[in-house]
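Peer 1: Can you read through this structure? Questions will come right after.
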Amino acid sequence: MTTRVITVYGATGNQGRAVTVSLLKNPAFHVRALTRNPDSIASTSLAALGAEIRAANGLHSETMVKAFEGSWGVFVNLNSDDKVFQEGCHTEFDVGKTIVDAAVQAGVRHFVFSSGPSSTELTDGRIKMKAMDMKNQIELYARRNSQFETTSFICAAWYFENFLDMAAAPIFGGFPFTPDLDGTLIFRCPRWGGREDVPFISISDDYGDIVHGLFLDPARWNGARIHGCSDILSFDDLVAQFQAATGKTSRYDPIEPSWEAFETFGVPELEDTKLMFGLTQNTGGLYFGPEPSEKNTAATLKRATAIALGLPKERQGLISAKEWFTNHFST
């Protein structure tokens, strides 16, 4: 059987690394990891796992075509916080369009993009998240390009891994590191909206396997937008699962009366976090698009990958919030 080359753009980022690591476990695929700095620690660690490392820059069409040559499939994730977008010379859409065009020119058959819904459309213009709207524009551009055999799209939920960032804990009331004076760990943020069904994803446990599953049967998932989530639960249930996993007294303290009361402390990256709550409160809890959040599709893709890798049944499911907290915080 011919080994199929899958090229990962953004391979040293959280999503790209997870996809690369998962695909490397499957001998049916040869993984090419694209990076602007092949000598970085992140790049060399992927090389040590068996990835082919190539230098590539999404601003340069010719280098992207060369990087994609011979690729059966491509996964692309763009870092919306990249400084190049902040400088004002290039937008995220500019880079995305260059990448899509290069993949077409290189003859890529299967294109998977880390996308998002249009916040502007979902809220009738009330909320405008630049990152989401840009990714949605790239998605629409890729969908219009009929030269791909298949295109599919995945939207990542709230990262469980964000709870490992000690620097972010004070922004959310100290949870899960710093208790208040009575010893309670308080998770403080606005309500989600709707049924309070918040989607979460473990990037390291599930995200890469979900994308891996798309490449196992790309025709089945052609045109699909996948809800990339491991578990769906309310903030109240989230902290209850943390307490059950760790034994540490915890409580969710909603910020009222609306998302606009969320404090960003002058940190630009937190503006999109604030607007995320604006999006979900304005849409009745919708995050991935016009359909309610669901994890059955992600579970199907995860299971397909696990079976392809020969994993036992007990390792074929998505990780739950309680399992994730147990793995990372239980003593």
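Following the order of the structure tokens, first chain is A, next is B, and so on, with residues numbered from 1 inside each chain and ligands from 1 in the order they appear.
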Using only C-alpha atoms, which residues sit within 8 Å of region 303-318 of chain A once same-chain residues fewer than 5 positions away are excluded, as a list in words?

Peer 2: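 Those residues are Lys25, Asn26, Asp205, Asp206, Asp209, Ile210, His212, Gly213, Leu216, Ser230, Asp231 and Ala298 of chain A.
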
Peer 1: From a backbone DSSP assignment, name each residue in region 214-263 of chain A labelled alpha helix (DSSP H), as a list in words.

Peer 2: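 Written out, the alpha helix (DSSP H) residues of region 214-263 of chain A are Leu214, Phe215, Leu216, Phe235, Asp236, Asp237, Leu238, Val239, Ala240, Gln241, Phe242, Gln243, Ala244, Ala245 and Thr246 of chain A.
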
Peer 1: My list of candidates is A:Leu279, A:Val84, A:Ala42, A:Ala28. Which is closest to Leu59 (chain A) when distances are computed with only C-alpha atoms?

Peer 2: A:Val84

Peer 1: With only C-alpha atoms counted and 8 Å as the cut-off, give the residues of region 94-195 of chain A in contact with region 262-275 of chain A, each with its shortest interatomic distance in Å and the pair that gives it, as a Markdown table.

Peer 2:
```
| residue | atom | partner | partner_atom | distance |
| --- | --- | --- | --- | --- |
| A:Ile127 | CA | A:Leu275 | CA | 6.8 |
| A:Lys128 | CA | A:Leu275 | CA | 7.6 |
| A:Met129 | CA | A:Asp272 | CA | 6.2 |
| A:Lys130 | CA | A:Asp272 | CA | 7.9 |
| A:Ala131 | CA | A:Asp272 | CA | 7.8 |
| A:Ile171 | CA | A:Glu263 | CA | 7.8 |
| A:Cys189 | CA | A:Phe262 | CA | 6.8 |
| A:Pro190 | CA | A:Phe262 | CA | 6.7 |
```

Peer 1: Using only C-alpha atoms, which protein or nucleic acid residues come within 7 Å of Cys155 (chain A)? Drop anything in the same chain fewer than 2 positions from it, and give the result as an MDAnalysis selection string.

Peer 2: chainID A and resid 114:116 153 157 226:228 288

Peer 1: Pick out each residue of region 115-163 of chain A that DSSP on the backbone tags as strand (DSSP E or B); I need them as number ranges by chain.

Peer 2: A: 150-156, 158-159

Peer 1: CA of Asp101 (chain A) and CA of Tyr9 (chain A) are how many Å apart?

Peer 2: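 Answer for the CA of Asp101 (chain A) to CA of Tyr9 (chain A) separation: 13.9 Å.
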
Peer 1: Can you tell me, as a PyMOL selection string, what residues are no more than 10 Å from Lys135 (chain A) when counting only C-alpha atoms, ignoring any on the same chain fewer than 6 positions away?

Peer 2: chain A and resi 77-78+80+92-93+96+113-118+141+155

Peer 1: A:Val31, A:Val76, A:Val108, A:Ile255: which is nearest Gly50 (chain A), counting only C-alpha atoms?

Peer 2: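 Going through A:Val31, A:Val76, A:Val108, A:Ile255 one by one, the smallest distance to Gly50 (chain A) is for A:Val31.
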
Peer 1: Looking at only C-alpha atoms, which of A:Trp192, A:Tyr207, A:Phe235, A:Phe175 is the one that sits closest to Tyr159 (chain A)?

Peer 2: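 Nearest to Tyr159 (chain A): A:Tyr207.
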